[in-house]
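Chemist: My structure is below; once you've seen it, I'll send some questions.
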Amino acid sequence: MSLWGRLTGWIVLIFGLTYFALPLLGLTEFSLKARRGVYSLDAYAKVIADPEFQATFGYSVMMALVTIVLGILIVVPTAFWVRLKMPWARPYVEFITLMPLVIPAIVIVFGYIRLYNTSSWLPMTGSIMGTNLLLAFGYTILALPYMYRAVDTGLRTIDVATLTEAAQSLGAGWVTILGRVILPNVIPAVLSGAFLTFAIVIGEFTLAALLDRPAFGPYLQRIGANKPYEPFALAVIAFGITWACMGLIQLVTRFSKHSKVAR
Amino acid sequence: MSTASTAPRRRLPLTWLGLLPFVIFVTLFLVLPTMYIVIGAFQDRDGGFTLQNLRDLNTGTIPSSYWISIKISVASSALGCLIGFGMAAAVVFGAVPKTIKAPLMTFSGVASNFAGVPLAFAFLATFGPVGLVTLFLRNNFGIVLQRDLGFSILSFWGLTVTYLFFQIPLMILIITPALEGLRREWKEAAEVLGATTAQYWRMVAFPILFPSLLGTFALLFANAFGAVATAIALTGSALNIVPIQLFAQIRGDVLGNPNLGYAMAFGMIVVTAIANIVYIWLRIRAERWMK
């Protein structure tokens with residue numbers, strides 16, 4: 001590589017890295033400035049003591065967990081069945097799972113509000129439980145592209161047909177095959193899909209705000225308009241969670257590479 | 001007797017039943033809601049067919065909101081492609097040590113998912129009225145961002161610069177495999193035939209990469225066009241882009257016509273769908289070289 005090439009490469013990279021570092025630095029610095037003149041963790045202390053933070057954060061964590069369970073229940077059997085019995089349907093199923101990337105979330109939730117309102121055939125927005133459920137279903141749809149890809153990639157690395165036949169010859173039913181044979185074999189893939197789902201759901205704003213549920217994303221936006229330092233502390237926390245989820249994905253992927261017996 | 005009872009059962013095609021839960025779920029919570037919006041865009045208040053809603057998109061502030069949304073999406077995707085390509089190229093072609101690649105890819109994975117409200121706060125804390133960079137420039141150089149450079153975080157360029165935070169990483173994630181797919185033999189073959197580096201890039205590498213580049217541009221465009229949370233948290237309702245206007249319409253029917261809201265949402269689907277079709281089509285073309 002020529003000197004010019006190296007120089008340009010370094011300049012571009014340093015420019016890019018500065019661009020990424022500055023906002024994170026600015027965010028962290030600002031979140032520490034709650035006390036005049038010195039850096040302190042005051043904003044963090046205030047935020048964590050705020051009962052509304054605890055409530056909304058708890059709600060979003062709960063939602064994320066429900067979404068992950070729903071996602072696994074829908075995606076694992078479907079991806080398994082497509083690989084085993086209907087390989088011709090794979091492009092179609094894959095296409096459908098990519099649709100949430102094409103249709104903006106705001107449009108999907110707009111449809112929910114009109115289709116499942118109190119005067120419709122399935123009045124889900126009529127009760128709190130129904131709205132919670134609708135929100136979880138919406139999140140499952142948003143996470144579908146990531147979850148499906150993760151699980152499908154996981155299934156590619158195992159011999160689905162042989163495993164199924166072996167289990168069937170030992171007398172296992174479909175539930176046993178899925179729960180005790182297939183799922184344990186693709187658990188690293190499922191986990192990386194789950195962590196990504198968690199990262200998406202925890203800070204999600206559009207769906208929760210328009211369905212009027214007390215989630216972390218809308219809370220963050222609301223106090224952003226009212227409080228001076230706390231929102232920035234919250235943003236640091238949110239970034240930490242995203243970072244932790246991605247770190248866990250890396251860890252799980254690395255772990256899974258070593259868990260296989262050499263053939 | 002047993003063969004007689006199992007033989008007809010085999011002929012019944014029941015395998016599709018396994019897909020039923022998925023199909024029902026997706027129909028109820030993805031297809032039907034979207035269809036409802038699309039059909040609503042072509043209906044008047046009484047449910048009759050009309051094109052008036054689509055015509056009404058050309059009234060009031062709606063055309064300008066589409067226009068500014070498209071401009072922000074184009075600007076942030078173009079810059080995202082350019083900078084992301086530069087960074088990926090610097091790492092892949094060995095201008096900088098290879099050890100940077102793994103952390104850069106991990107970081108890109110995180111940053112491409114770090115959209116939404118927290119991202120808006122990060123940029124407010126940095127380029128906002130009392131942000132880190134704003135204060136630094138003012139105290140040390142006497143430069144006021146807004147007055148001297150005409151830069152405000154609550155503006156077109158402010159939003160574009162903020163969107164770049166998830167656009168650049170997305171570009172790096174997608175283009176790195178494509179760059180790694182450029183074979184050393186192609187460059188060597190070009191050199192043997194007497195090509196300069198510039199000629200190799202212009203006549204060999206660029207034409208091969210072009211579908212990937214344009215396809216990623218389309219994906220980045222759709223990504224920026226549908227972003228709601230970042231824009232709302234950053235500018236409130238100061239900047240009149242499509243997602244913000246649609247958000248206000250869903251909250252309180254500010255357009256005074258629900259079917260016009262459907263038409264707006266339909267317009268969003270059309271724009272992102274076109275961008276994605278371009279992406280998928282170009283990706284298929286690009287993959288011919290990436291075996």
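How things are named: the first chain in the structure tokens is A, the next is B, and so on; residues count from 1 in each chain; ligands count from 1 in the order shown.
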Give one line per residue of chain B that approaches chain A to at most 7 Å, naming the two atoms of the closest pair and their distance in Å to one decimal, counting only C-alpha atoms; sort by chain then ascending residue number and deliver it as a tab-separated table.

Modeler:
```
residue	atom	partner	partner_atom	distance
B:Thr15	CA	A:Lys85	CA	6.9
B:Gly18	CA	A:Trp81	CA	6.4
B:Leu19	CA	A:Thr78	CA	5.9
B:Phe22	CA	A:Ile74	CA	6.0
B:Phe29	CA	A:Gly138	CA	6.8
B:Leu30	CA	A:Ile108	CA	6.8
B:Pro33	CA	A:Gly111	CA	4.1
B:Thr34	CA	A:Gly111	CA	5.9
B:Tyr36	CA	A:Gly111	CA	6.3
B:Ile37	CA	A:Gly111	CA	5.9
B:Gly86	CA	A:Val12	CA	6.1
B:Met87	CA	A:Leu13	CA	5.2
B:Ala90	CA	A:Gly9	CA	4.5
B:Ala95	CA	A:Arg6	CA	4.3
B:Val96	CA	A:Trp10	CA	6.3
B:Val110	CA	A:Trp243	CA	6.0
B:Val117	CA	A:Gln221	CA	6.3
B:Pro118	CA	A:Ala235	CA	4.5
B:Phe121	CA	A:Phe232	CA	6.2
B:Ala122	CA	A:Leu27	CA	4.7
B:Phe123	CA	A:Pro23	CA	5.5
B:Ala125	CA	A:Leu27	CA	5.2
B:Thr126	CA	A:Gly26	CA	4.6
B:Gly131	CA	A:Gly26	CA	6.8
B:Leu132	CA	A:Gly26	CA	5.2
B:Phe165	CA	A:Phe20	CA	6.9
B:Gly226	CA	A:Pro104	CA	5.2
B:Val228	CA	A:Thr206	CA	6.8
B:Ala229	CA	A:Phe205	CA	5.9
B:Ala233	CA	A:Gln221	CA	5.7
B:Ile250	CA	A:Phe110	CA	6.7
B:Arg251	CA	A:Leu210	CA	6.9
B:Ala265	CA	A:Val107	CA	5.7
B:Ile269	CA	A:Ile103	CA	5.6
B:Thr272	CA	A:Val102	CA	5.8
B:Ala273	CA	A:Val102	CA	5.8
B:Asn276	CA	A:Val102	CA	6.6
```

Chemist: Report the residues of region 105-144 of chain B whose backbone DSSP state falls under alpha helix (DSSP H), written as number ranges by chain.

Modeler: B: 105-111, 117-127, 132-141

Chemist: When you draw a straight line from CA of Leu239 (chain B) to CA of Thr18 (chain A), how long is it in Å?

Modeler: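 Separating CA of Leu239 (chain B) from CA of Thr18 (chain A) is a distance of 27.0 Å.
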
Chemist: CA of Ser237 (chain B) and CA of Leu57 (chain B) are how many Å apart?

Modeler: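 According to the coordinates, CA of Ser237 (chain B) and CA of Leu57 (chain B) are separated by 19.4 Å.
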
Chemist: Separation of CA of Ala167 (chain A) and CA of Val252 (chain A), in Å?

Modeler: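 Interatomic distance, CA of Ala167 (chain A) to CA of Val252 (chain A): 26.3 Å.
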
Chemist: Near Val271 (chain B), within 8 Å and counting only C-alpha atoms, which residues show up once chain neighbours fewer than 4 positions away are dropped, as number ranges by chain?

Modeler: B: 222, 267, 275

Chemist: Any chance you can output those residues with N, CA and C atoms as a PDB file, in the first residue's frame?

Modeler:
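Resulting contents of result30.pdb:
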```
ATOM      1  N   ALA B 222     -34.171   4.091   3.067  1.00  0.00           N
ATOM      2  CA  ALA B 222     -35.397   3.607   3.715  1.00  0.00           C
ATOM      3  C   ALA B 222     -35.266   3.697   5.230  1.00  0.00           C
ATOM      4  N   GLY B 267     -48.150   6.715   1.389  1.00  0.00           N
ATOM      5  CA  GLY B 267     -47.017   7.347   0.713  1.00  0.00           C
ATOM      6  C   GLY B 267     -45.686   6.906   1.300  1.00  0.00           C
ATOM      7  N   ALA B 275     -37.447   1.976  -2.345  1.00  0.00           N
ATOM      8  CA  ALA B 275     -36.044   1.918  -1.926  1.00  0.00           C
ATOM      9  C   ALA B 275     -35.614   0.475  -1.673  1.00  0.00           C
TER      10      ALA B 275
END
```
